[in-house]
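Data file: structure_35.txt. Format and content: compact mmCIF, N, CA and C atoms.
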```txt
# COMPACT_ATOMS: atom_id res chain seq x y z
N MET L 240 92.48 -14.39 85.17
CA MET L 240 93.26 -15.37 84.43
C MET L 240 94.52 -15.69 85.22
N GLN L 241 94.78 -16.97 85.41
CA GLN L 241 95.95 -17.36 86.17
C GLN L 241 97.20 -17.27 85.30
N PRO L 242 98.35 -17.00 85.91
CA PRO L 242 99.59 -16.90 85.12
C PRO L 242 99.96 -18.26 84.52
N LEU L 243 100.61 -18.20 83.41
CA LEU L 243 101.05 -19.40 82.70
C LEU L 243 102.19 -20.05 83.46
N SER L 244 102.07 -21.33 83.75
CA SER L 244 103.16 -22.04 84.42
C SER L 244 104.31 -22.23 83.44
N ALA L 245 105.49 -22.47 83.98
CA ALA L 245 106.66 -22.72 83.13
C ALA L 245 106.44 -23.95 82.27
N GLU L 246 105.73 -24.93 82.82
CA GLU L 246 105.47 -26.16 82.07
C GLU L 246 104.57 -25.89 80.85
N LEU L 247 103.53 -25.07 81.06
CA LEU L 247 102.66 -24.74 79.92
C LEU L 247 103.35 -23.81 78.93
N LEU L 248 104.14 -22.88 79.43
CA LEU L 248 104.91 -22.02 78.54
C LEU L 248 105.84 -22.85 77.67
N ALA L 249 106.53 -23.79 78.28
CA ALA L 249 107.46 -24.65 77.54
C ALA L 249 106.70 -25.50 76.51
N THR L 250 105.50 -25.94 76.88
CA THR L 250 104.69 -26.72 75.93
C THR L 250 104.34 -25.86 74.72
N ALA L 251 103.93 -24.63 74.97
CA ALA L 251 103.60 -23.72 73.87
C ALA L 251 104.83 -23.43 73.01
N LEU L 252 105.96 -23.20 73.64
CA LEU L 252 107.19 -22.91 72.89
C LEU L 252 107.64 -24.13 72.08
N ALA L 253 107.55 -25.31 72.67
CA ALA L 253 107.94 -26.53 71.95
C ALA L 253 107.01 -26.77 70.77
N ALA L 254 105.72 -26.55 70.97
CA ALA L 254 104.75 -26.72 69.87
C ALA L 254 105.03 -25.69 68.77
N GLY L 255 105.30 -24.45 69.17
CA GLY L 255 105.60 -23.42 68.18
C GLY L 255 106.86 -23.72 67.39
N LEU L 256 107.90 -24.16 68.09
CA LEU L 256 109.15 -24.53 67.42
C LEU L 256 108.90 -25.66 66.43
N THR L 257 108.18 -26.68 66.89
CA THR L 257 107.90 -27.83 66.02
C THR L 257 107.09 -27.39 64.81
N GLY L 258 106.15 -26.50 65.03
CA GLY L 258 105.34 -26.01 63.92
C GLY L 258 106.11 -25.18 62.92
N LEU L 259 107.16 -24.51 63.37
CA LEU L 259 107.94 -23.65 62.48
C LEU L 259 109.07 -24.39 61.75
N LEU L 260 109.44 -25.57 62.21
CA LEU L 260 110.56 -26.28 61.59
C LEU L 260 110.32 -26.61 60.13
N TRP L 261 109.07 -26.72 59.72
CA TRP L 261 108.79 -27.07 58.35
C TRP L 261 109.02 -25.91 57.38
N VAL L 262 109.06 -24.68 57.89
CA VAL L 262 109.16 -23.52 56.99
C VAL L 262 110.41 -23.57 56.11
N PRO L 263 111.62 -23.77 56.66
CA PRO L 263 112.78 -23.85 55.77
C PRO L 263 112.72 -25.04 54.81
N ILE L 264 112.09 -26.12 55.25
CA ILE L 264 111.96 -27.30 54.38
C ILE L 264 111.10 -26.96 53.17
N ILE L 265 109.98 -26.29 53.41
CA ILE L 265 109.08 -25.91 52.32
C ILE L 265 109.73 -24.88 51.41
N LEU L 266 110.42 -23.91 51.99
CA LEU L 266 111.12 -22.92 51.16
C LEU L 266 112.15 -23.59 50.27
N ASN L 267 112.84 -24.59 50.80
CA ASN L 267 113.81 -25.33 49.99
C ASN L 267 113.10 -26.09 48.87
N ARG L 268 111.96 -26.71 49.18
CA ARG L 268 111.20 -27.44 48.14
C ARG L 268 110.77 -26.49 47.03
N LEU L 269 110.32 -25.29 47.41
CA LEU L 269 109.92 -24.31 46.40
C LEU L 269 111.10 -23.93 45.53
N ALA L 270 112.26 -23.75 46.15
CA ALA L 270 113.46 -23.38 45.40
C ALA L 270 113.92 -24.51 44.48
N GLU L 271 113.84 -25.74 44.96
CA GLU L 271 114.33 -26.87 44.16
C GLU L 271 113.35 -27.30 43.07
N MET L 272 112.05 -27.28 43.37
CA MET L 272 111.05 -27.83 42.45
C MET L 272 110.33 -26.76 41.63
N GLY L 273 110.36 -25.54 42.11
CA GLY L 273 109.55 -24.51 41.48
C GLY L 273 108.18 -24.47 42.13
N LEU L 274 107.52 -23.36 42.02
CA LEU L 274 106.26 -23.14 42.72
C LEU L 274 105.19 -24.16 42.35
N TRP L 275 104.94 -24.33 41.05
CA TRP L 275 103.83 -25.19 40.64
C TRP L 275 104.06 -26.65 41.06
N THR L 276 105.22 -27.19 40.82
CA THR L 276 105.50 -28.58 41.17
C THR L 276 105.43 -28.79 42.68
N ALA L 277 105.95 -27.85 43.43
CA ALA L 277 105.95 -27.98 44.89
C ALA L 277 104.54 -27.90 45.47
N LEU L 278 103.66 -27.15 44.82
CA LEU L 278 102.32 -26.93 45.37
C LEU L 278 101.23 -27.83 44.80
N LYS L 279 101.45 -28.43 43.63
CA LYS L 279 100.34 -29.15 42.99
C LYS L 279 99.95 -30.42 43.74
N ASN L 280 100.89 -31.25 44.11
CA ASN L 280 100.59 -32.47 44.86
C ASN L 280 101.76 -32.78 45.79
N PRO L 281 101.46 -33.22 47.01
CA PRO L 281 102.56 -33.57 47.91
C PRO L 281 103.36 -34.75 47.34
N GLN L 282 104.64 -34.65 47.47
CA GLN L 282 105.54 -35.73 47.05
C GLN L 282 106.50 -36.02 48.20
N PRO L 283 106.00 -36.60 49.28
CA PRO L 283 106.83 -36.78 50.47
C PRO L 283 108.01 -37.72 50.26
N ASP L 284 107.94 -38.57 49.23
CA ASP L 284 109.02 -39.52 49.01
C ASP L 284 110.16 -38.94 48.17
N VAL L 285 109.97 -37.73 47.63
CA VAL L 285 111.02 -37.08 46.86
C VAL L 285 112.02 -36.46 47.84
N ARG L 286 113.24 -36.98 47.80
CA ARG L 286 114.28 -36.49 48.71
C ARG L 286 114.78 -35.13 48.25
N PRO L 287 114.88 -34.16 49.18
CA PRO L 287 115.44 -32.87 48.79
C PRO L 287 116.88 -33.03 48.31
N GLU L 288 117.27 -32.20 47.38
CA GLU L 288 118.67 -32.21 46.92
C GLU L 288 119.60 -31.71 48.03
N ALA L 289 119.16 -30.74 48.79
CA ALA L 289 119.97 -30.17 49.87
C ALA L 289 119.96 -31.13 51.06
N ASP L 290 121.15 -31.57 51.44
CA ASP L 290 121.26 -32.50 52.57
C ASP L 290 120.69 -31.90 53.85
N TRP L 291 120.91 -30.60 54.07
CA TRP L 291 120.41 -29.98 55.30
C TRP L 291 118.89 -30.06 55.38
N ALA L 292 118.21 -29.92 54.23
CA ALA L 292 116.75 -29.97 54.21
C ALA L 292 116.26 -31.38 54.52
N HIS L 293 116.97 -32.37 54.00
CA HIS L 293 116.63 -33.77 54.29
C HIS L 293 116.80 -34.05 55.78
N ARG L 294 117.92 -33.58 56.34
CA ARG L 294 118.15 -33.80 57.77
C ARG L 294 117.14 -33.02 58.62
N LEU L 295 116.80 -31.80 58.21
CA LEU L 295 115.83 -31.01 58.97
C LEU L 295 114.45 -31.66 58.94
N ALA L 296 114.10 -32.31 57.83
CA ALA L 296 112.84 -33.04 57.77
C ALA L 296 112.82 -34.16 58.80
N HIS L 297 113.95 -34.84 58.97
CA HIS L 297 114.05 -35.88 60.00
C HIS L 297 113.98 -35.26 61.40
N ALA L 298 114.61 -34.11 61.58
CA ALA L 298 114.56 -33.42 62.87
C ALA L 298 113.12 -33.00 63.19
N HIS L 299 112.39 -32.56 62.17
CA HIS L 299 110.99 -32.17 62.37
C HIS L 299 110.16 -33.37 62.81
N ARG L 300 110.35 -34.49 62.16
CA ARG L 300 109.62 -35.70 62.53
C ARG L 300 109.96 -36.11 63.96
N ASN L 301 111.24 -36.01 64.32
CA ASN L 301 111.67 -36.34 65.68
C ASN L 301 111.07 -35.37 66.68
N ALA L 302 110.97 -34.10 66.32
CA ALA L 302 110.37 -33.10 67.21
C ALA L 302 108.90 -33.41 67.45
N LEU L 303 108.18 -33.84 66.41
CA LEU L 303 106.78 -34.23 66.58
C LEU L 303 106.65 -35.41 67.54
N GLU L 304 107.52 -36.39 67.37
CA GLU L 304 107.47 -37.57 68.24
C GLU L 304 107.74 -37.19 69.70
N ASN L 305 108.69 -36.29 69.92
CA ASN L 305 109.03 -35.89 71.28
C ASN L 305 107.99 -34.96 71.88
N LEU L 306 107.36 -34.15 71.06
CA LEU L 306 106.29 -33.29 71.55
C LEU L 306 105.12 -34.13 72.06
N ALA L 307 104.88 -35.26 71.39
CA ALA L 307 103.80 -36.15 71.81
C ALA L 307 104.06 -36.77 73.18
N VAL L 308 105.30 -36.84 73.60
CA VAL L 308 105.65 -37.34 74.93
C VAL L 308 105.69 -36.19 75.93
N PHE L 309 106.35 -35.11 75.56
CA PHE L 309 106.56 -33.99 76.48
C PHE L 309 105.26 -33.28 76.86
N ALA L 310 104.45 -32.92 75.87
CA ALA L 310 103.27 -32.09 76.13
C ALA L 310 102.32 -32.71 77.15
N PRO L 311 101.94 -33.97 77.01
CA PRO L 311 101.04 -34.52 78.03
C PRO L 311 101.66 -34.52 79.43
N LEU L 312 102.95 -34.83 79.51
CA LEU L 312 103.60 -34.83 80.83
C LEU L 312 103.59 -33.43 81.44
N ALA L 313 103.93 -32.43 80.65
CA ALA L 313 103.96 -31.05 81.16
C ALA L 313 102.56 -30.58 81.55
N ILE L 314 101.57 -30.94 80.75
CA ILE L 314 100.20 -30.54 81.06
C ILE L 314 99.71 -31.23 82.33
N ILE L 315 100.04 -32.50 82.49
CA ILE L 315 99.63 -33.23 83.70
C ILE L 315 100.29 -32.62 84.93
N VAL L 316 101.58 -32.28 84.84
CA VAL L 316 102.26 -31.62 85.96
C VAL L 316 101.53 -30.33 86.32
N HIS L 317 101.14 -29.57 85.30
CA HIS L 317 100.41 -28.32 85.54
C HIS L 317 99.05 -28.58 86.19
N VAL L 318 98.29 -29.50 85.63
CA VAL L 318 96.94 -29.77 86.13
C VAL L 318 97.00 -30.28 87.58
N LEU L 319 97.98 -31.11 87.89
CA LEU L 319 98.13 -31.62 89.24
C LEU L 319 98.74 -30.60 90.20
N GLN L 320 99.11 -29.44 89.65
CA GLN L 320 99.79 -28.41 90.43
C GLN L 320 101.02 -28.98 91.13
N ALA L 321 101.75 -29.82 90.39
CA ALA L 321 102.93 -30.49 90.93
C ALA L 321 104.22 -29.84 90.46
N GLY L 322 104.11 -28.71 89.78
CA GLY L 322 105.29 -28.03 89.26
C GLY L 322 106.09 -27.36 90.36
N ASP L 323 107.38 -27.35 90.16
CA ASP L 323 108.29 -26.64 91.06
C ASP L 323 109.48 -26.18 90.23
N GLY L 324 110.51 -25.74 90.90
CA GLY L 324 111.69 -25.26 90.18
C GLY L 324 112.32 -26.32 89.29
N LEU L 325 112.30 -27.56 89.75
CA LEU L 325 112.90 -28.65 88.97
C LEU L 325 112.10 -28.92 87.70
N THR L 326 110.78 -29.00 87.82
CA THR L 326 109.98 -29.28 86.63
C THR L 326 109.96 -28.07 85.68
N ALA L 327 109.99 -26.87 86.25
CA ALA L 327 110.05 -25.67 85.42
C ALA L 327 111.36 -25.63 84.64
N GLY L 328 112.45 -25.88 85.33
CA GLY L 328 113.75 -25.89 84.67
C GLY L 328 113.84 -26.97 83.62
N ALA L 329 113.36 -28.17 83.96
CA ALA L 329 113.40 -29.29 83.01
C ALA L 329 112.58 -28.96 81.77
N SER L 330 111.44 -28.31 81.96
CA SER L 330 110.58 -27.97 80.82
C SER L 330 111.24 -26.96 79.89
N LEU L 331 111.85 -25.95 80.47
CA LEU L 331 112.51 -24.93 79.64
C LEU L 331 113.78 -25.46 78.99
N ILE L 332 114.50 -26.31 79.72
CA ILE L 332 115.69 -26.95 79.13
C ILE L 332 115.28 -27.87 77.99
N PHE L 333 114.12 -28.53 78.13
CA PHE L 333 113.61 -29.38 77.05
C PHE L 333 113.47 -28.58 75.76
N VAL L 334 112.86 -27.40 75.87
CA VAL L 334 112.67 -26.56 74.68
C VAL L 334 114.02 -26.19 74.07
N ALA L 335 114.96 -25.78 74.91
CA ALA L 335 116.29 -25.41 74.41
C ALA L 335 116.98 -26.62 73.75
N SER L 336 116.82 -27.79 74.35
CA SER L 336 117.46 -28.98 73.78
C SER L 336 116.84 -29.35 72.44
N ARG L 337 115.53 -29.14 72.30
CA ARG L 337 114.87 -29.45 71.02
C ARG L 337 115.30 -28.46 69.94
N ALA L 338 115.45 -27.19 70.31
CA ALA L 338 115.93 -26.19 69.34
C ALA L 338 117.36 -26.54 68.92
N ALA L 339 118.19 -26.88 69.90
CA ALA L 339 119.57 -27.26 69.59
C ALA L 339 119.59 -28.51 68.73
N HIS L 340 118.75 -29.48 69.05
CA HIS L 340 118.69 -30.73 68.29
C HIS L 340 118.38 -30.45 66.82
N ALA L 341 117.40 -29.59 66.56
CA ALA L 341 117.02 -29.30 65.18
C ALA L 341 118.16 -28.63 64.41
N VAL L 342 118.80 -27.65 65.04
CA VAL L 342 119.90 -26.94 64.37
C VAL L 342 121.08 -27.88 64.13
N ILE L 343 121.43 -28.63 65.17
CA ILE L 343 122.57 -29.55 65.07
C ILE L 343 122.29 -30.64 64.05
N TYR L 344 121.04 -31.14 64.02
CA TYR L 344 120.67 -32.16 63.05
C TYR L 344 120.79 -31.61 61.63
N ALA L 345 120.26 -30.41 61.41
CA ALA L 345 120.33 -29.80 60.07
C ALA L 345 121.77 -29.59 59.63
N LEU L 346 122.64 -29.26 60.60
CA LEU L 346 124.05 -29.04 60.27
C LEU L 346 124.81 -30.36 60.10
N GLY L 347 124.22 -31.47 60.53
CA GLY L 347 124.84 -32.78 60.35
C GLY L 347 125.94 -33.09 61.34
N ILE L 348 125.77 -32.72 62.60
CA ILE L 348 126.78 -32.96 63.64
C ILE L 348 126.25 -34.10 64.52
N PRO L 349 126.69 -35.36 64.25
CA PRO L 349 126.07 -36.52 64.88
C PRO L 349 126.17 -36.60 66.41
N LEU L 350 127.32 -36.49 66.99
CA LEU L 350 127.45 -36.69 68.44
C LEU L 350 126.70 -35.61 69.22
N LEU L 351 126.81 -34.37 68.81
CA LEU L 351 126.09 -33.30 69.49
C LEU L 351 124.58 -33.47 69.36
N ARG L 352 124.14 -34.00 68.22
CA ARG L 352 122.72 -34.26 68.03
C ARG L 352 122.21 -35.26 69.07
N THR L 353 122.97 -36.30 69.29
CA THR L 353 122.59 -37.32 70.27
C THR L 353 122.57 -36.74 71.68
N ILE L 354 123.54 -35.90 72.00
CA ILE L 354 123.59 -35.28 73.32
C ILE L 354 122.37 -34.38 73.53
N ALA L 355 122.03 -33.57 72.52
CA ALA L 355 120.85 -32.70 72.62
C ALA L 355 119.59 -33.52 72.79
N PHE L 356 119.47 -34.61 72.05
CA PHE L 356 118.31 -35.49 72.18
C PHE L 356 118.23 -36.06 73.60
N PHE L 357 119.37 -36.54 74.11
CA PHE L 357 119.39 -37.18 75.42
C PHE L 357 119.04 -36.19 76.53
N ILE L 358 119.49 -34.95 76.41
CA ILE L 358 119.13 -33.93 77.40
C ILE L 358 117.61 -33.75 77.43
N GLY L 359 117.00 -33.67 76.26
CA GLY L 359 115.55 -33.56 76.19
C GLY L 359 114.85 -34.77 76.79
N PHE L 360 115.39 -35.95 76.54
CA PHE L 360 114.84 -37.17 77.12
C PHE L 360 114.90 -37.13 78.64
N LEU L 361 116.03 -36.69 79.18
CA LEU L 361 116.16 -36.59 80.64
C LEU L 361 115.14 -35.62 81.22
N CYS L 362 114.90 -34.53 80.51
CA CYS L 362 113.89 -33.57 80.96
C CYS L 362 112.50 -34.19 80.99
N GLN L 363 112.19 -35.00 80.00
CA GLN L 363 110.91 -35.70 79.99
C GLN L 363 110.82 -36.65 81.19
N MET L 364 111.92 -37.30 81.51
CA MET L 364 111.93 -38.24 82.63
C MET L 364 111.72 -37.52 83.97
N VAL L 365 112.24 -36.29 84.09
CA VAL L 365 111.99 -35.50 85.30
C VAL L 365 110.50 -35.28 85.47
N LEU L 366 109.82 -34.92 84.39
CA LEU L 366 108.38 -34.70 84.45
C LEU L 366 107.64 -36.00 84.75
N LEU L 367 108.03 -37.08 84.11
CA LEU L 367 107.39 -38.36 84.35
C LEU L 367 107.52 -38.78 85.81
N LEU L 368 108.71 -38.63 86.36
CA LEU L 368 108.94 -39.00 87.75
C LEU L 368 108.08 -38.14 88.69
N ARG L 369 107.93 -36.85 88.37
CA ARG L 369 107.08 -36.00 89.18
C ARG L 369 105.63 -36.45 89.13
N VAL L 370 105.16 -36.81 87.94
CA VAL L 370 103.79 -37.28 87.81
C VAL L 370 103.60 -38.57 88.61
N LEU L 371 104.54 -39.49 88.50
CA LEU L 371 104.43 -40.77 89.22
C LEU L 371 104.50 -40.55 90.73
N GLU L 372 105.26 -39.56 91.13
CA GLU L 372 105.40 -39.23 92.55
C GLU L 372 104.09 -38.72 93.14
N VAL L 373 103.32 -38.00 92.32
CA VAL L 373 102.10 -37.35 92.81
C VAL L 373 100.89 -38.29 92.75
N ILE L 374 100.86 -39.15 91.74
CA ILE L 374 99.65 -39.99 91.61
C ILE L 374 99.67 -41.21 92.48
```
What do you get writing this file as structure tokens?
Amino acid sequence: MQPLSAELLATALAAGLTGLLWVPIILNRLAEMGLWTALKNPQPDVRPEADWAHRLAHAHRNALENLAVFAPLAIIVHVLQAGDGLTAGASLIFVASRAAHAVIYALGIPLLRTIAFFIGFLCQMVLLLRVLEVI
């Protein structure tokens, strides 16, 4: 078995983070609505009373959108064996920026949220440029 590249590791970590972001949202729904109401039928249009939960739901949606861009780029870099220190660093920084984005978004800190998002975007562009360079 070949060792996991930094790009694939970052993809797994980003997917795991994105998958776990819903947990506090669901726990909040259970607390606000009660077990039966929260579980009987999805009510996605019901806004949580807690502002942080509403913001975290938006952060989760944003994480899904960014994972859809990042993961294919990271996988292509891996498959093409085009990874190096720059793509490895960009991939791991992407994960850190997404974690920071979710926390900052939930806390409601607008400027820092944008900076965290932009750092992640730049990391995606590093991977895209590497892919374009190789093909």
**Asked** Which residues, written as a ChimeraX atom specification, have at least one atom at most 12 Å from L:Cys362, with only C-alpha atoms counted and residues fewer than 2 positions away on the same chain left out?
**Response** /L:246,249,305,308-310,312-313,325-337,355-360,364-369
**Request:** Starting from the point (124.5, -31.8, 57.1), work out which residues of protein, DNA or RNA have an atom no more than 10 Å away when counting only C-alpha atoms; state them as a PyMOL selection string.
**Result:** chain L and resi 289-295+342-349
**Request:** Could you tell me which of L:Val285, L:Leu266, L:Ala339, L:Ala245 comes closest to L:Gly322 if we count only N, CA and C atoms?
**Result:**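 Using only N, CA and C atoms, the shortest distance to L:Gly322 belongs to L:Ala245.
For the pair atom C of L:Asn301 and atom N of L:Pro242, the interatomic distance is 29.5 Å.
The protein and nucleic acid residues lying at most 8 Å from L:Ala302 are Ala253, Leu256, Thr257, Gly258, Ala296, His297, Ala298, Leu306, Ala307, Val308, Arg337 and Ala341 of chain L, with all atoms listed in the file considered and sequence neighbours fewer than 4 positions away removed.
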**Prompt:** Would you give me, as an NGL selection string, the residues in chain L that DSSP reads as helix (DSSP H, G or I)?
**Reply:** :L and (245-259 or 261-272 or 274-279 or 290-318 or 324-346 or 349-373)
**Asked** At what distance in Å, to one decimal, does atom CA of L:Leu361 lie from atom CA of L:Ala251?
**Response**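 Separating atom CA of L:Ala251 from atom CA of L:Leu361 is a distance of 19.2 Å.
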